[in-house]
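Visitor: Take a look at this one; I'll ask things after.
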Amino acid sequence: MPSKLWEVMYSLIDTALGRVKADLVIKNANLINVYSGEIIENSYVAIKGDRIAYVGYKGEHTIGDSTIVLDLEGREYLAPGFLDAHVHIESSMLTLTEFAKIVIPRGTTGVFIDPHEICNVLGEYGFRLIAEEAKRIPLKVFLQVPSCVPAASLKFESPGAIMDSNTVRKLLKRDDVIALGEMMNYPGVLNKDSEVMNKIAYSLLLGKIVTGHAPGLYDKELSAYIASGISSCHESTRSDEALEKLRLGMYVIIREGSAWRDVKEVVKIVTTHKTDIDHILLATDDRHSEDILEEGHIDFVIRRVIEEGVDPIRAIKMATLNTARYYGLESELGGISPGKIADLVILKDLSRVNVSKVILDGKLIAKEGKLLAKIERFKYPKEVKQTIKLKRDITPKDLEIICNKKKGKVRAHVIRVIEEKTITIHEVEELNVENYKVQPDLEKDIIFAAVIERHKGTGRVGKGFVRGLGLKKGAFASSVAHDSHNIIVIGANTTDMTYAVNELKRIGGGMIVVVNGNIKGKVELPIAGLMSDKPAEEVAEEVIRLRRSLESLGCRIKSPFMTISLLALTVIPEIRLSDKGLIDVKKMKIISPIEV
């Protein structure tokens, strides 16, 4: 028996029996027992080192002269630390360190991250940077190896890097890797693409979980997808879709991010269909820093589930024990039980999930929304901040859509966005032509869209039209464009669009709003063109100002930045735009932006 394990076991036994006194005791707590589904009043929890030694009613025997005692006086609730079952840290626009600083005080003690955003820019190097940063922070970070870098075939998009099955297999062997990240390329699964199947097979052979991404799959296609070994999905937006996955043995991860607000509909599998909750988890997926600071992180998702009619204990179980079980960590995390790591959350109000204190690894780390521990800044190398590589400055001509008519009308393929949903609708609309140039139609809410390759300097530009954003003037550009993260730009005119793109090139990445050649709002994201190196509060303020600038152009949809960025995600139906052109996702082929 390893000496360290021997020491821990004996220390916990002696503390539970009172032979050795606890380091920390929480007493008179309303303990949320996620095993029995009860709230147990006047409970004691005694902690030795980073683990729980005793849980019961009579814990005074564990208290010594040097024991720190937190007396909740029967007024507050004690819950297991909250776990985010699926999250992309990069979507917060923060470094992992800054992200940890704002989520820990909200009760998040562990996150299961898929860093495929930074990997699409920097490849394996990006993964290793995130893994190194994760070692230096108190937040528990469980790494998933990105399965889809790029998200789809190179025929349809140009990432900054490629992570093939050999690279994935090498990373899966790391001790700090817990799973294969979301398998977005479901056509690749159904068509038995060798690279896709190798990644899944390597994961299963190494005993790793394979997480999924299967929006809109039903019946035989869904069965085929699950039969490959994929065991979860966070992409359900309808209750019937989630219910079918649950019935087929999948873990359903209910998402409530910044743009994708799925709780209201998907949680009906519990509130209306009265299903068992043991295969239901909670996640944020993509959540901006300002939303975390204003609304919360996983505490917010739990609160939303409760608001929709789920019992608070069951809601908390979804974000604790269920997640730990799915990832094979039940012996360490997810509940308040002797022997488990002492990651705990103290709540003032149960139904509102109002966090007052957070204990991480047996230490009080946050109180009343404030982090008590100092976390040192992680320094990213210089080359990570030099990832915007355009062939040359963009001109308005590069963004124009040309046809063979000097004047008249043409039928154009248009991407319609749906607010707070990941899916898009493929529409065909008549648009005017002036001097061979196809024009947007602001009356119909149809504007220009383009994606410019920014990793290799190829000069490729994909062009199309988008509807549903409400823009009446100006332009918006971003180097955050899921998942290959080329530059995406939308606008009412090509002149402002051009200015916006060239400014992003100058500053090394970010998001920008331009009107009549003037910058109205800007967020610089120099780290891989995805993340800021500033503190969370500063980034949040910049993002709020940018959103207001975009609203002044007429775009008033919720979470516009995420919605626009996903116009480039070529694996979600029905129609997307990449640097290689307009993609009909259902048919998996490139189409012209206009009918010819």
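Every chain in the structure tokens takes a letter, A first, then B, and so on in the order presented; its residues are numbered from 1, and the ligands are numbered from 1 following the presented order.
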If you count only C-alpha atoms, which residues fall within 10 Å of region 397-403 of chain A, apart from same-chain ones fewer than 4 positions away, as a PyMOL selection string?

Guide: chain A and resi 393+407+409-410+433-440+448-452+459-465+489+493-495+497-498+593-596

Visitor: Enumerate, as a PDB file with N, CA and C atoms, in the first residue's frame, the complete set of residues in region 73-174 of chain A that a backbone-based DSSP assignment places in strand (DSSP E).

Guide:
ATOM      1  N   TYR A  77     -27.361  26.187   4.299  1.00  0.00           N
ATOM      2  CA  TYR A  77     -27.354  24.849   3.703  1.00  0.00           C
ATOM      3  C   TYR A  77     -25.937  24.496   3.262  1.00  0.00           C
ATOM      4  N   LEU A  78     -25.618  23.230   3.353  1.00  0.00           N
ATOM      5  CA  LEU A  78     -24.306  22.737   2.950  1.00  0.00           C
ATOM      6  C   LEU A  78     -24.480  21.759   1.791  1.00  0.00           C
ATOM      7  N   ALA A  79     -23.869  22.088   0.651  1.00  0.00           N
ATOM      8  CA  ALA A  79     -23.996  21.272  -0.565  1.00  0.00           C
ATOM      9  C   ALA A  79     -22.622  20.832  -1.047  1.00  0.00           C
ATOM     10  N   PRO A  80     -22.574  19.766  -1.855  1.00  0.00           N
ATOM     11  CA  PRO A  80     -21.307  19.423  -2.512  1.00  0.00           C
ATOM     12  C   PRO A  80     -20.896  20.540  -3.472  1.00  0.00           C
ATOM     13  N   PHE A  82     -20.076  22.471  -6.793  1.00  0.00           N
ATOM     14  CA  PHE A  82     -20.755  22.378  -8.083  1.00  0.00           C
ATOM     15  C   PHE A  82     -19.766  22.037  -9.193  1.00  0.00           C
ATOM     16  N   LEU A  83     -20.221  21.198 -10.129  1.00  0.00           N
ATOM     17  CA  LEU A  83     -19.397  20.742 -11.250  1.00  0.00           C
ATOM     18  C   LEU A  83     -20.057  21.121 -12.574  1.00  0.00           C
ATOM     19  N   ASP A  84     -19.304  21.747 -13.446  1.00  0.00           N
ATOM     20  CA  ASP A  84     -19.789  22.080 -14.794  1.00  0.00           C
ATOM     21  C   ASP A  84     -19.420  20.924 -15.707  1.00  0.00           C
ATOM     22  N   ALA A  85     -20.431  20.225 -16.216  1.00  0.00           N
ATOM     23  CA  ALA A  85     -20.201  18.986 -16.963  1.00  0.00           C
ATOM     24  C   ALA A  85     -19.603  19.194 -18.346  1.00  0.00           C
ATOM     25  N   HIS A  86     -19.683  20.424 -18.866  1.00  0.00           N
ATOM     26  CA  HIS A  86     -19.130  20.669 -20.203  1.00  0.00           C
ATOM     27  C   HIS A  86     -18.985  22.170 -20.418  1.00  0.00           C
ATOM     28  N   VAL A  87     -17.739  22.630 -20.602  1.00  0.00           N
ATOM     29  CA  VAL A  87     -17.530  24.065 -20.775  1.00  0.00           C
ATOM     30  C   VAL A  87     -16.292  24.327 -21.633  1.00  0.00           C
ATOM     31  N   THR A 108     -18.565  27.000  -8.006  1.00  0.00           N
ATOM     32  CA  THR A 108     -17.988  26.030  -8.940  1.00  0.00           C
ATOM     33  C   THR A 108     -16.640  25.571  -8.399  1.00  0.00           C
ATOM     34  N   THR A 109     -16.511  24.284  -8.160  1.00  0.00           N
ATOM     35  CA  THR A 109     -15.245  23.730  -7.662  1.00  0.00           C
ATOM     36  C   THR A 109     -14.557  22.841  -8.685  1.00  0.00           C
ATOM     37  N   GLY A 110     -15.277  22.454  -9.747  1.00  0.00           N
ATOM     38  CA  GLY A 110     -14.687  21.622 -10.784  1.00  0.00           C
ATOM     39  C   GLY A 110     -15.337  21.863 -12.129  1.00  0.00           C
ATOM     40  N   VAL A 111     -14.516  21.798 -13.185  1.00  0.00           N
ATOM     41  CA  VAL A 111     -15.026  21.988 -14.547  1.00  0.00           C
ATOM     42  C   VAL A 111     -14.444  20.922 -15.459  1.00  0.00           C
ATOM     43  N   PHE A 112     -15.251  20.484 -16.399  1.00  0.00           N
ATOM     44  CA  PHE A 112     -14.830  19.506 -17.396  1.00  0.00           C
ATOM     45  C   PHE A 112     -14.730  20.265 -18.721  1.00  0.00           C
ATOM     46  N   ILE A 113     -13.491  20.543 -19.121  1.00  0.00           N
ATOM     47  CA  ILE A 113     -13.290  21.468 -20.231  1.00  0.00           C
ATOM     48  C   ILE A 113     -12.825  20.762 -21.499  1.00  0.00           C
ATOM     49  N   LYS A 140     -10.587  22.722  -9.820  1.00  0.00           N
ATOM     50  CA  LYS A 140     -10.307  21.417 -10.405  1.00  0.00           C
ATOM     51  C   LYS A 140     -10.686  21.446 -11.891  1.00  0.00           C
ATOM     52  N   VAL A 141      -9.706  21.192 -12.726  1.00  0.00           N
ATOM     53  CA  VAL A 141      -9.897  21.248 -14.178  1.00  0.00           C
ATOM     54  C   VAL A 141      -9.665  19.855 -14.746  1.00  0.00           C
ATOM     55  N   PHE A 142     -10.717  19.273 -15.299  1.00  0.00           N
ATOM     56  CA  PHE A 142     -10.645  17.942 -15.896  1.00  0.00           C
ATOM     57  C   PHE A 142     -10.635  18.104 -17.414  1.00  0.00           C
ATOM     58  N   LEU A 143      -9.542  17.675 -18.016  1.00  0.00           N
ATOM     59  CA  LEU A 143      -9.307  17.942 -19.434  1.00  0.00           C
ATOM     60  C   LEU A 143      -9.928  16.890 -20.339  1.00  0.00           C
ATOM     61  N   GLN A 144     -10.526  17.365 -21.414  1.00  0.00           N
ATOM     62  CA  GLN A 144     -10.982  16.512 -22.493  1.00  0.00           C
ATOM     63  C   GLN A 144     -10.144  16.817 -23.729  1.00  0.00           C
ATOM     64  N   VAL A 145      -9.751  15.792 -24.438  1.00  0.00           N
ATOM     65  CA  VAL A 145      -8.984  15.996 -25.667  1.00  0.00           C
ATOM     66  C   VAL A 145      -9.952  16.345 -26.797  1.00  0.00           C
TER      67      VAL A 145
END

Visitor: Using only C-alpha atoms, which protein or nucleic acid residues come within 7 Å of Lys348 (chain A)? Drop anything in the same chain fewer than 6 positions from it, and give the result as a VMD selection string.

Guide: chain A and resid 76 to 77 354 to 356

Visitor: If you keep N, CA and C atoms, can you produce a file of those selected residues as a compact mmCIF listing (two decimals), in the first residue's frame?

Guide:
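Here's the written file result.txt:
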# COMPACT_ATOMS: atom_id res chain seq x y z
N GLU A 76 -28.17 27.96 7.37
CA GLU A 76 -27.61 27.84 6.02
C GLU A 76 -27.52 26.37 5.59
N TYR A 77 -27.36 26.19 4.30
CA TYR A 77 -27.35 24.85 3.70
C TYR A 77 -25.94 24.50 3.26
N ASN A 354 -28.11 30.87 -3.40
CA ASN A 354 -27.33 32.04 -3.00
C ASN A 354 -26.10 31.58 -2.22
N VAL A 355 -24.94 31.62 -2.87
CA VAL A 355 -23.70 31.10 -2.29
C VAL A 355 -23.09 32.11 -1.33
N SER A 356 -22.81 31.67 -0.09
CA SER A 356 -22.17 32.56 0.87
C SER A 356 -20.70 32.20 1.09

Visitor: Could you give me, as a PyMOL selection string, each residue of region 286-524 of chain A that DSSP assigns to alpha helix (DSSP H) when run on this structure's backbone?

Guide: chain A and resi 289-294+298-307+312-318+321-326+396-399+494-507

Visitor: Name the residues in contact with region 319-336 of chain A at a cut-off of 7 Å, using only C-alpha atoms, excluding same-chain residues fewer than 2 positions from it; report them as a ChimeraX atom specification.

Guide: /A:33-34,80-85,209,278-282,315-317,340-341

Visitor: Mind pulling up the distance from CA of Glu265 (chain A) to CA of Arg238 (chain A)?

Guide: 5.8 Å

Visitor: May I ask which of the residues A:Thr97, A:Ser194, A:Asn185, A:Ser559 is the closest one to Leu139 (chain A), counting only C-alpha atoms?

Guide: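 Closest to Leu139 (chain A) of all the choices is A:Thr97.
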
Visitor: Determine, counting only C-alpha atoms, which protein, DNA and RNA residues have an atom within 10 Å of an atom of region 125-135 of chain A; residues of the same chain fewer than 6 positions away are not included. Present the result as a list in words.

Guide: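 Neighbouring residues, sequence-local ones excluded: Ile89, Thr95, Leu96, Thr97, Ala100, Ile113, Asp114, Pro115, His116, Glu117, Ile118, Cys119, Val141, Phe142, Leu143, Gln144, Val145, Pro146, Ala161, Leu171, Asp176, Val177, Arg377, Phe378, Lys379, Tyr380, Pro381, Val384 and Ala528 of chain A.
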
Visitor: Which residue out of A:Gly408, A:Gly107, A:Gly181, A:Pro396 has the minimum interatomic distance to Gly296 (chain A) when only C-alpha atoms are used?

Guide: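 Counting only C-alpha atoms, the residue closest to Gly296 (chain A) is A:Gly107.
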
Visitor: Distance CA of Gly74 (chain A)-CA of Ile32 (chain A), one decimal place?

Guide: 12.6 Å

Visitor: Using only C-alpha atoms, which of the listed residues (A:Pro159, A:Gly521, A:Gly362, A:Pro187) sits closest to Ala22 (chain A)?

Guide: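 Result for the nearest residue to Ala22 (chain A): A:Gly362.
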
Visitor: Find the residue from A:Ser147, A:Gly339, A:Tyr44, A:Ala475 that sits nearest to Met9 (chain A); use only C-alpha atoms when measuring.

Guide: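 Under the stated criterion, the closest residue is A:Gly339.
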
Visitor: With a distance cut-off of 7 Å and only C-alpha atoms, select the neighbouring residues of Ser565 (chain A), excluding the residue or stretch itself and same-chain residues fewer than 6 positions from it, and output the selection as number ranges by chain.

Guide: A: 480-482

Visitor: So that I can see what lies close to Ser232 (chain A), please list as a PyMOL selection string the residues with an atom at most 12 Å from it, counting only C-alpha atoms and leaving out residues fewer than 4 positions away in the same chain.

Guide: chain A and resi 85-86+179-184+209-215+222+225-228+236+242+245-246+248-254+279-283+323+326-327

Visitor: Quote the spacing between CA of Ala477 (chain A) and CA of Ala152 (chain A) in Å to one decimal place.

Guide: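 Computed distance, CA of Ala477 (chain A) to CA of Ala152 (chain A), equals 22.8 Å.
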